[in-house]
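> You'll find run-v3.cif just under this line, and it carries mmCIF, C-alpha atoms.
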```cif
data_structure
#
loop_
_atom_site.label_atom_id
_atom_site.label_comp_id
_atom_site.auth_asym_id
_atom_site.auth_seq_id
_atom_site.Cartn_x
_atom_site.Cartn_y
_atom_site.Cartn_z
CA MET R 1192 123.68 69.31 106.96
CA SER R 1193 123.48 72.98 106.03
CA LEU R 1194 123.99 74.05 109.66
CA ALA R 1195 127.02 71.76 109.91
CA VAL R 1196 128.51 73.32 106.77
CA PHE R 1197 127.87 76.76 108.19
CA ALA R 1198 129.56 75.82 111.47
CA TRP R 1199 132.57 74.50 109.53
CA PHE R 1200 132.67 77.70 107.45
CA ARG R 1201 132.67 79.84 110.58
CA HIS R 1202 135.42 77.73 112.13
CA THR R 1203 137.70 77.90 109.08
CA HIS R 1204 137.07 81.53 108.14
CA GLY R 1205 136.57 82.96 111.60
CA ALA R 1206 133.89 85.31 112.85
CA THR R 1207 134.71 88.29 115.03
CA MET R 1208 131.19 88.49 116.50
CA VAL R 1209 132.18 92.06 117.24
CA ASP R 1210 128.68 93.21 118.20
CA MET R 1211 128.53 90.43 120.77
CA LEU R 1212 131.76 91.85 122.20
CA VAL R 1213 130.14 95.29 122.41
CA TYR R 1214 127.14 93.82 124.25
CA ARG R 1215 129.50 92.05 126.67
CA ALA R 1216 131.40 95.30 127.24
CA GLU R 1217 128.10 97.05 127.97
CA GLY R 1218 127.23 94.36 130.51
CA GLN R 1219 130.65 94.79 132.12
CA ALA R 1220 130.14 98.56 132.34
CA VAL R 1221 126.85 97.97 134.17
CA VAL R 1222 128.42 95.46 136.59
CA ARG R 1223 131.40 97.72 137.31
CA GLY R 1224 129.34 100.88 137.63
CA GLU R 1225 131.24 102.57 134.80
CA ASP R 1226 129.96 105.24 132.43
CA LEU R 1227 128.03 103.12 129.92
CA TYR R 1228 128.15 105.59 127.04
CA ALA R 1229 131.77 106.58 127.54
CA MET R 1230 132.71 102.93 127.02
CA ARG R 1231 134.56 102.06 123.80
CA LEU R 1232 135.29 98.46 122.79
CA PRO R 1233 139.08 98.07 122.87
CA GLY R 1234 140.58 97.48 119.44
CA TRP R 1235 137.40 98.51 117.63
CA ASP R 1236 136.51 101.90 119.19
CA LEU R 1237 132.81 100.99 119.11
CA PRO R 1238 130.43 102.66 121.62
CA ALA R 1239 127.23 101.50 123.29
CA THR R 1240 124.19 102.47 121.21
CA TYR R 1241 121.26 100.68 122.90
CA PRO R 1242 119.16 101.95 125.84
CA PRO R 1243 120.29 101.24 129.42
CA PHE R 1244 117.60 98.55 129.79
CA ALA R 1245 119.26 96.57 126.98
CA ALA R 1246 122.67 96.93 128.63
CA MET R 1247 121.20 95.40 131.79
CA LEU R 1248 120.01 92.41 129.77
CA PHE R 1249 123.58 91.93 128.52
CA VAL R 1250 124.95 91.40 132.04
CA PRO R 1251 124.72 87.56 131.83
CA SER R 1252 127.16 87.66 128.90
CA THR R 1253 129.85 88.68 131.40
CA TRP R 1254 129.56 85.31 133.15
CA PHE R 1255 131.41 83.56 130.33
CA ASP R 1256 134.77 83.93 128.64
CA VAL R 1257 134.67 85.13 125.03
CA SER R 1258 135.30 81.71 123.44
CA THR R 1259 132.47 80.07 125.38
CA LEU R 1260 130.18 83.02 124.74
CA ARG R 1261 130.73 82.76 120.99
CA VAL R 1262 129.52 79.15 121.02
CA LEU R 1263 126.54 79.96 123.23
CA VAL R 1264 125.47 82.93 121.10
CA MET R 1265 125.74 80.86 117.92
CA LEU R 1266 123.60 78.08 119.41
CA LEU R 1267 121.09 80.63 120.68
CA ASN R 1268 120.85 82.22 117.23
CA TYR R 1269 120.27 78.77 115.69
CA ALA R 1270 117.31 78.32 118.03
CA LEU R 1271 116.03 81.85 117.37
CA LEU R 1272 116.24 81.31 113.61
CA ALA R 1273 114.12 78.16 113.90
CA ALA R 1274 111.63 80.06 116.09
CA ALA R 1275 111.55 82.96 113.62
CA VAL R 1276 110.84 80.55 110.75
CA HIS R 1277 108.05 78.87 112.75
CA LEU R 1278 106.46 82.19 113.69
CA SER R 1279 106.82 83.49 110.11
CA LEU R 1280 104.99 80.42 108.78
CA LYS R 1281 102.31 80.91 111.40
CA LEU R 1282 101.95 84.57 110.43
CA ALA R 1283 101.69 83.59 106.76
CA GLY R 1284 99.05 80.94 107.49
CA TRP R 1285 101.16 78.00 106.32
CA PRO R 1286 99.23 74.67 106.66
CA ARG R 1287 99.91 73.14 110.07
CA GLN R 1288 100.45 69.61 108.79
CA HIS R 1289 103.48 70.70 106.74
CA ARG R 1290 104.88 73.30 109.10
CA ALA R 1291 107.38 71.18 111.06
CA ALA R 1292 109.12 69.87 107.94
CA VAL R 1293 109.25 73.33 106.41
CA VAL R 1294 110.77 74.78 109.61
CA VAL R 1295 113.62 72.26 109.42
CA LEU R 1296 114.28 72.85 105.72
CA ALA R 1297 113.87 76.63 105.87
CA THR R 1298 116.14 76.95 108.91
CA GLY R 1299 118.87 75.09 107.04
CA LEU R 1300 118.49 77.36 104.02
CA GLY R 1301 117.83 80.51 106.05
CA ILE R 1302 121.28 80.50 107.61
CA TRP R 1303 122.69 81.53 104.21
CA LEU R 1304 120.36 84.51 103.74
CA GLU R 1305 122.67 87.51 103.90
CA PRO R 1306 120.86 89.32 106.79
CA VAL R 1307 120.79 86.11 108.83
CA PHE R 1308 124.38 85.20 107.90
CA THR R 1309 125.72 88.58 109.01
CA THR R 1310 123.61 88.44 112.19
CA PHE R 1311 125.51 85.25 113.06
CA GLN R 1312 128.84 86.73 111.97
CA TYR R 1313 128.47 89.80 114.17
CA GLY R 1314 126.71 88.08 117.08
CA GLN R 1315 123.76 90.45 116.70
CA VAL R 1316 120.39 90.46 118.54
CA ASN R 1317 118.24 90.86 115.41
CA LEU R 1318 116.71 87.38 115.46
CA GLY R 1319 115.67 87.89 119.08
CA ILE R 1320 114.00 91.18 118.21
CA LEU R 1321 112.27 89.54 115.23
CA CYS R 1322 110.94 86.71 117.40
CA LEU R 1323 109.58 89.11 120.04
CA VAL R 1324 107.63 91.07 117.41
CA LEU R 1325 106.39 87.97 115.55
CA TRP R 1326 105.35 86.39 118.84
CA ASP R 1327 103.02 89.34 119.41
CA LEU R 1328 101.74 89.58 115.86
CA THR R 1329 100.78 85.89 115.70
CA ARG R 1330 98.67 85.99 118.86
CA SER R 1331 94.95 86.59 118.94
CA ASP R 1332 93.82 90.18 119.30
CA ARG R 1333 91.79 88.98 122.30
CA ASP R 1334 94.98 88.09 124.20
CA ARG R 1335 95.31 90.68 126.99
CA PHE R 1336 99.12 90.42 126.89
CA LYS R 1337 99.42 91.10 123.17
CA GLY R 1338 101.86 94.00 122.84
CA VAL R 1339 104.34 92.88 125.50
CA GLY R 1340 106.76 91.45 122.93
CA ILE R 1341 106.74 94.61 120.83
CA GLY R 1342 107.19 96.74 123.97
CA LEU R 1343 110.22 94.70 125.05
CA ALA R 1344 111.69 94.80 121.53
CA THR R 1345 111.28 98.57 121.50
CA ALA R 1346 112.90 98.89 124.92
CA ILE R 1347 115.93 97.06 123.52
CA LYS R 1348 116.25 98.60 120.06
CA ILE R 1349 113.74 101.53 119.68
CA THR R 1350 112.83 100.99 116.00
CA PRO R 1351 110.25 98.20 116.65
CA GLY R 1352 108.12 100.97 118.16
CA LEU R 1353 106.61 101.46 114.70
CA PHE R 1354 104.67 98.22 115.25
CA ALA R 1355 102.87 99.80 118.21
CA VAL R 1356 101.80 102.60 115.84
CA TYR R 1357 100.70 99.95 113.33
CA LEU R 1358 98.61 98.17 115.98
CA PHE R 1359 96.99 101.43 117.06
CA LEU R 1360 96.12 102.55 113.52
CA THR R 1361 94.66 99.14 112.66
CA GLY R 1362 92.31 99.19 115.63
CA ARG R 1363 94.25 97.08 118.14
CA VAL R 1364 94.26 99.93 120.67
CA ARG R 1365 94.63 97.74 123.76
CA ALA R 1366 97.63 95.90 122.27
CA ALA R 1367 99.20 99.23 121.32
CA LEU R 1368 98.72 100.54 124.85
CA VAL R 1369 100.16 97.33 126.34
CA SER R 1370 103.17 97.77 124.07
CA ALA R 1371 103.63 101.38 125.14
CA GLY R 1372 103.19 100.45 128.79
CA THR R 1373 105.77 97.67 128.55
CA PHE R 1374 108.24 100.01 126.89
CA LEU R 1375 107.66 102.66 129.57
CA ALA R 1376 108.05 100.12 132.38
CA ALA R 1377 111.34 98.85 130.93
CA GLY R 1378 112.57 102.42 130.54
CA LEU R 1379 111.69 103.19 134.17
CA ILE R 1380 113.57 100.11 135.33
CA GLY R 1381 116.60 101.32 133.39
CA TRP R 1382 116.19 104.81 134.84
CA ALA R 1383 115.88 103.50 138.39
CA LEU R 1384 118.99 101.33 138.21
CA LEU R 1385 121.09 103.43 135.81
CA PRO R 1386 119.85 107.02 136.23
CA ASP R 1387 122.90 108.81 134.83
CA ALA R 1388 123.15 106.54 131.78
CA SER R 1389 119.40 106.86 131.19
CA TYR R 1390 119.51 110.64 131.32
CA GLY R 1391 122.43 110.73 128.91
CA PHE R 1392 120.85 108.25 126.49
CA TRP R 1393 117.38 109.79 126.27
CA THR R 1394 118.55 113.41 126.17
CA GLU R 1395 121.69 113.12 124.04
CA TYR R 1396 123.04 109.82 122.74
CA LEU R 1397 119.78 108.61 121.16
CA TRP R 1398 119.80 111.66 118.88
CA ASP R 1399 123.43 111.33 117.79
CA PRO R 1400 123.50 109.18 114.61
CA SER R 1401 127.30 109.30 114.45
CA ARG R 1402 127.43 106.86 117.38
CA VAL R 1403 125.69 104.21 115.27
CA GLY R 1404 127.97 104.42 112.23
CA VAL R 1405 128.70 106.08 108.90
CA THR R 1406 125.59 106.50 106.77
CA VAL R 1407 127.29 106.14 103.39
CA LEU R 1408 128.69 102.64 104.01
CA VAL R 1409 127.37 99.91 101.70
CA ASP R 1410 126.47 98.02 104.90
CA ASN R 1411 123.72 100.62 105.34
CA GLN R 1412 120.74 99.48 103.25
CA SER R 1413 118.34 102.22 104.29
CA LEU R 1414 116.89 104.64 101.76
CA ARG R 1415 119.06 107.40 103.21
CA GLY R 1416 122.18 105.29 102.74
CA ALA R 1417 121.27 104.58 99.12
CA VAL R 1418 120.72 108.29 98.42
CA CYS R 1419 124.05 109.15 100.06
CA ARG R 1420 125.91 106.73 97.81
CA LEU R 1421 124.02 107.89 94.73
CA LEU R 1422 124.87 111.54 95.40
CA ASP R 1423 128.36 110.68 96.71
CA VAL R 1424 127.82 112.60 99.95
CA ASN R 1425 127.84 111.78 103.66
CA ASP R 1426 124.64 113.74 104.30
CA PRO R 1427 121.87 113.80 101.65
CA GLY R 1428 120.24 116.86 103.23
CA LEU R 1429 116.77 117.84 102.02
CA VAL R 1430 116.74 115.22 99.25
CA GLY R 1431 117.22 112.41 101.73
CA LEU R 1432 114.70 113.87 104.15
CA VAL R 1433 112.00 114.26 101.49
CA ALA R 1434 112.62 110.78 100.07
CA SER R 1435 112.41 109.17 103.50
CA ALA R 1436 109.30 111.15 104.48
CA LEU R 1437 107.51 110.26 101.24
CA VAL R 1438 108.36 106.56 101.42
CA GLY R 1439 107.55 106.49 105.13
CA ALA R 1440 104.10 108.00 104.62
CA VAL R 1441 103.26 105.73 101.68
CA GLY R 1442 104.70 102.63 103.34
CA LEU R 1443 102.86 103.12 106.62
CA GLY R 1444 99.68 103.92 104.69
CA VAL R 1445 99.94 100.67 102.73
CA ALA R 1446 100.68 98.71 105.92
CA VAL R 1447 97.70 100.15 107.78
CA LEU R 1448 95.36 99.75 104.80
CA ALA R 1449 96.45 96.12 104.46
CA GLY R 1450 95.96 95.51 108.16
CA ARG R 1451 92.40 96.84 107.93
CA SER R 1452 91.49 94.88 104.79
CA ALA R 1453 90.99 91.36 106.13
CA ARG R 1454 87.61 91.13 104.40
CA VAL R 1455 89.02 91.63 100.94
CA LEU R 1456 92.69 90.57 101.03
CA ARG R 1457 94.13 87.18 101.88
CA ARG R 1458 96.69 87.28 104.69
CA ALA R 1459 95.97 90.98 105.10
CA ASP R 1460 97.41 91.33 108.60
CA ALA R 1461 100.56 89.43 107.65
CA TRP R 1462 101.15 91.72 104.69
CA GLY R 1463 100.41 94.74 106.87
CA ALA R 1464 103.02 93.68 109.42
CA VAL R 1465 105.67 92.97 106.79
CA CYS R 1466 104.98 96.29 105.07
CA ALA R 1467 105.35 98.08 108.42
CA ALA R 1468 108.70 96.34 108.96
CA LEU R 1469 109.95 97.23 105.48
CA THR R 1470 108.88 100.84 106.00
CA ALA R 1471 110.84 101.04 109.25
CA LEU R 1472 113.93 99.61 107.53
CA LEU R 1473 113.63 102.07 104.66
CA VAL R 1474 113.18 105.25 106.69
CA SER R 1475 115.63 104.50 109.50
CA PRO R 1476 118.79 106.61 108.97
CA ILE R 1477 120.85 103.43 109.27
CA SER R 1478 119.59 99.93 108.49
CA TRP R 1479 122.58 97.62 108.44
CA THR R 1480 122.22 94.55 106.25
CA HIS R 1481 121.72 92.35 109.31
CA HIS R 1482 118.68 94.42 110.30
CA TRP R 1483 116.91 92.99 107.24
CA VAL R 1484 116.13 89.66 108.94
CA TRP R 1485 112.53 90.57 108.14
CA CYS R 1486 113.31 88.85 104.85
CA VAL R 1487 112.36 85.62 106.70
CA PRO R 1488 108.61 86.42 107.11
CA LEU R 1489 108.63 88.19 103.73
CA LEU R 1490 109.91 85.05 101.99
CA ALA R 1491 107.43 82.91 103.96
CA LEU R 1492 104.57 85.06 102.66
CA LEU R 1493 105.85 85.03 99.09
CA ALA R 1494 106.34 81.25 99.24
CA VAL R 1495 102.87 80.46 100.58
CA GLU R 1496 101.32 82.59 97.82
CA ALA R 1497 103.58 81.32 95.00
CA ARG R 1498 100.83 79.56 93.07
CA THR R 1499 101.00 81.43 89.78
CA THR R 1500 104.01 81.83 87.50
CA ALA R 1501 104.29 85.54 88.24
CA ARG R 1502 104.28 84.98 92.01
CA LYS R 1503 106.80 82.15 91.73
CA VAL R 1504 109.08 84.50 89.80
CA LEU R 1505 108.66 87.17 92.50
CA PHE R 1506 109.48 84.67 95.24
CA GLY R 1507 112.50 83.39 93.32
CA LEU R 1508 113.78 86.92 92.71
CA ALA R 1509 113.45 87.90 96.38
CA LEU R 1510 115.13 84.67 97.49
CA LEU R 1511 117.99 85.24 95.04
CA VAL R 1512 118.51 88.82 96.24
CA PHE R 1513 118.72 87.86 99.91
CA LEU R 1514 121.00 84.91 99.18
CA SER R 1515 123.28 86.90 96.90
CA HIS R 1516 125.38 88.91 99.41
CA VAL R 1517 125.88 91.15 96.36
CA MET R 1518 126.52 94.40 98.24
CA TRP R 1519 129.78 92.94 99.56
CA THR R 1520 131.13 92.68 96.00
CA VAL R 1521 130.85 96.44 95.42
CA PRO R 1522 134.19 98.26 95.13
CA HIS R 1523 134.80 101.13 97.53
CA ARG R 1524 133.09 99.46 100.48
CA TRP R 1525 133.18 102.78 102.36
CA GLY R 1526 130.51 103.99 99.99
CA ARG R 1527 132.13 107.08 98.48
CA GLY R 1528 133.00 107.20 94.80
CA VAL R 1529 130.94 104.16 93.79
CA ALA R 1530 130.43 104.03 90.00
CA TRP R 1531 126.87 104.41 88.69
CA TYR R 1532 126.70 100.79 87.53
CA TRP R 1533 127.43 99.60 91.09
CA GLN R 1534 124.64 101.68 92.64
CA LEU R 1535 121.93 98.99 92.39
CA PRO R 1536 124.10 96.11 93.68
CA GLY R 1537 125.31 98.43 96.43
CA ALA R 1538 121.76 99.23 97.56
CA VAL R 1539 119.77 96.19 96.52
CA TYR R 1540 117.44 95.90 99.54
CA PRO R 1541 115.62 99.25 99.31
CA PRO R 1542 114.33 98.61 95.74
CA ILE R 1543 113.04 95.19 96.79
CA ALA R 1544 111.24 96.72 99.78
CA ILE R 1545 109.74 99.52 97.69
CA ALA R 1546 108.63 96.99 95.06
CA VAL R 1547 106.83 94.98 97.75
CA LEU R 1548 105.05 98.10 99.02
CA VAL R 1549 103.97 98.99 95.47
CA VAL R 1550 102.74 95.47 94.69
CA VAL R 1551 100.80 95.21 97.95
CA GLY R 1552 99.31 98.66 97.36
CA LEU R 1553 98.16 97.68 93.87
CA ARG R 1554 96.70 94.41 95.18
CA LEU R 1555 94.78 96.32 97.83
CA ARG R 1556 93.41 98.75 95.28
CA ARG R 1557 92.28 95.92 93.01
CA ALA R 1558 90.81 93.85 95.85
CA ARG R 1559 88.86 96.73 97.34
CA ARG R 1560 87.55 97.77 93.92
CA GLN R 1561 86.40 94.21 93.25
CA ALA R 1562 84.71 94.08 96.65
CA VAL R 1563 82.81 97.29 95.96
CA ASP R 1564 81.77 96.06 92.52
CA ALA R 1565 80.63 92.72 93.96
CA THR R 1566 78.53 94.22 96.76
CA GLY R 1567 77.32 97.33 94.97
CA GLY R 1568 78.51 99.46 97.86
CA ALA R 1569 81.22 99.97 100.37
CA ARG R 1570 79.89 97.71 103.15
CA ALA R 1571 82.71 95.20 102.60
CA LEU R 1572 85.25 97.92 103.20
CA SER R 1573 84.08 98.78 106.70
CA ALA R 1574 86.93 100.07 108.80
CA ASP R 1575 85.73 98.08 111.80
CA ARG R 1576 88.20 95.35 112.58
CA PRO R 1577 86.87 92.48 114.72
CA ASP R 1578 89.05 90.47 117.09
CA ARG R 1579 90.35 87.41 115.31
CA ASP R 1580 92.81 84.56 115.48
CA PRO R 1581 95.57 84.94 112.87
CA GLU R 1582 95.68 81.13 112.50
CA LEU R 1583 92.19 81.38 111.03
CA THR R 1584 92.02 84.74 109.28
CA SER R 1585 95.38 84.49 107.51
CA ARG R 1586 93.80 81.99 105.15
CA THR R 1587 90.46 83.73 104.61
#
```
Show me, as structure tokens, the structure contained in the file I just sent.


Amino acid sequence: MSLAVFAWFRHTHGATMVDMLVYRAEGQAVVRGEDLYAMRLPGWDLPATYPPFAAMLFVPSTWFDVSTLRVLVMLLNYALLAAAVHLSLKLAGWPRQHRAAVVVLATGLGIWLEPVFTTFQYGQVNLGILCLVLWDLTRSDRDRFKGVGIGLATAIKITPGLFAVYLFLTGRVRAALVSAGTFLAAGLIGWALLPDASYGFWTEYLWDPSRVGVTVLVDNQSLRGAVCRLLDVNDPGLVGLVASALVGAVGLGVAVLAGRSARVLRRADAWGAVCAALTALLVSPISWTHHWVWCVPLLALLAVEARTTARKVLFGLALLVFLSHVMWTVPHRWGRGVAWYWQLPGAVYPPIAIAVLVVVGLRLRRARRQAVDATGGARALSADRPDRDPELTSRT
């Protein structure tokens, strides 16, 4: 019912799916042998921002007219949302006997989460990226192909590369190397077939943030974007750099510590993965609202642990924030000159992410202290991390 209402809403209000149009234009540039990064979407003046390998994957979008492609992309995103919910429940260790019903209900509700909603509206690839990463993270560490999904996701959108670092620092060295190898192989394929575009992307365009967008926009829910709006500047300079570096170091530290604390923390690896994702979203110069589809596994984790009043309140607050679409109510959508009392609604995702990192960090500290007190030593806190099946250890 919810999906039908959403489809009706899209039909009556319209959806440009402008990012889908950019992807299609990239695919056309590849097919025609045109300069990929000189391409600008007519009527929007939007450039290509993904690696050449991603542009090659967009070639099939050129096989369809725009109207047909819109329908196909919407149906594909429906399927990817259901897959993301399933994988998020698996990551969180949701009981198997209830999982199918929850997937149906959560998919219907999840369509209205602001990051998911805007992913559909723009025709974005975020749910595909999320599924690739979750597919890897929910597989056993003994699986020799673990890391392929993260490598492919990184080859498409770069930022998922932080998960390879997370795997390496939590002792999954083989999976991290598989991820790096997959990314390198995809990059070499892009270089072999599109050498000029590859040279331009890796030496110039990757390092030009102006191609991605304007940092100060309220669409940008990164820490840097929040600081820009707070200071009413387009470039936060040293303040933004220090804030991002500090949060990045703390966030990655919490993620790695969680991932190595399976003996003392329930769902440790799931919390580690989510903390790594939130850290990447916070420190990226630009994290558009639709990049925050990681709210799906975050909400799954909060829901499965919502057994006390305090945790139910935390889950309810997070759900309300991601359903609110509140940043779109802020005056001065371009981000400059936003009054002080609109600063929090205009940058509501970073505080939620930082709060999660703080809460997980405090839980880790308490759990590890209790483990030391219970054993009379630090044996329980051994850094060794045995291979394990997340279906089993997520509930230990």

> So, counting all atoms listed in the file, which residue among R:Ile1347, R:Val1445, R:Leu1548, R:Val1405 is closest to Pro1476 of chain R?

R:Val1405

> Atom CA of Pro1488 of chain R and atom CA of Trp1462 of chain R are how many Å apart?

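Atom-to-atom, atom CA of Pro1488 of chain R to atom CA of Trp1462 of chain R, that is 9.5 Å.
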
> Which residues are close to Gly1463 of chain R, i.e. within 6 Å by all atoms listed in the file, leaving aside same-chain residues fewer than 6 positions away? Reply as JSON, numbers by chain.

{"R": [1446, 1449, 1450]}

> Report as a ChimeraX atom specification the full result of the PyMOL selection byres ((chain R and resi 1335-1338) around 8) when it is applied to this structure.

/R:1327-1328,1330-1334,1339-1342,1355,1365-1371,1373

> Would you list the residues near (121.0, 85.6, 100.2), meaning any protein, DNA or RNA residue with an atom at most 8 Å from that point in file coordinates, counting only C-alpha atoms, as a list in words?

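Those within range, by chain then number, are Trp1303, Leu1304, Glu1305, Pro1306, Leu1510, Leu1511, Val1512, Phe1513, Leu1514, Ser1515 and His1516 of chain R.
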
> Go through R:Ala1377, R:Met1211, R:Leu1473, R:Val1547 and flag the residue nearest Arg1261 of chain R, using all atoms listed in the file for the distances.

R:Met1211

> Taking only C-alpha atoms into account, name the residue in R:Trp1525, R:Tyr1214, R:Trp1285, R:Trp1235 that is nearest to Val1250 of chain R.

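The shortest atom-to-atom distance to Val1250 of chain R comes from R:Tyr1214.
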
> To one decimal place, how far is atom CA of Val1209 of chain R from atom CA of Gly1314 of chain R in Å?

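Between atom CA of Val1209 of chain R and atom CA of Gly1314 of chain R the gap works out to 6.8 Å.
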
> Taking all atoms listed in the file into account, which of R:His1482, R:Arg1498, R:Lys1503, R:Arg1457 comes nearest Val1551 of chain R?

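Residue with the minimum atom-to-atom distance to Val1551 of chain R: R:Arg1457.
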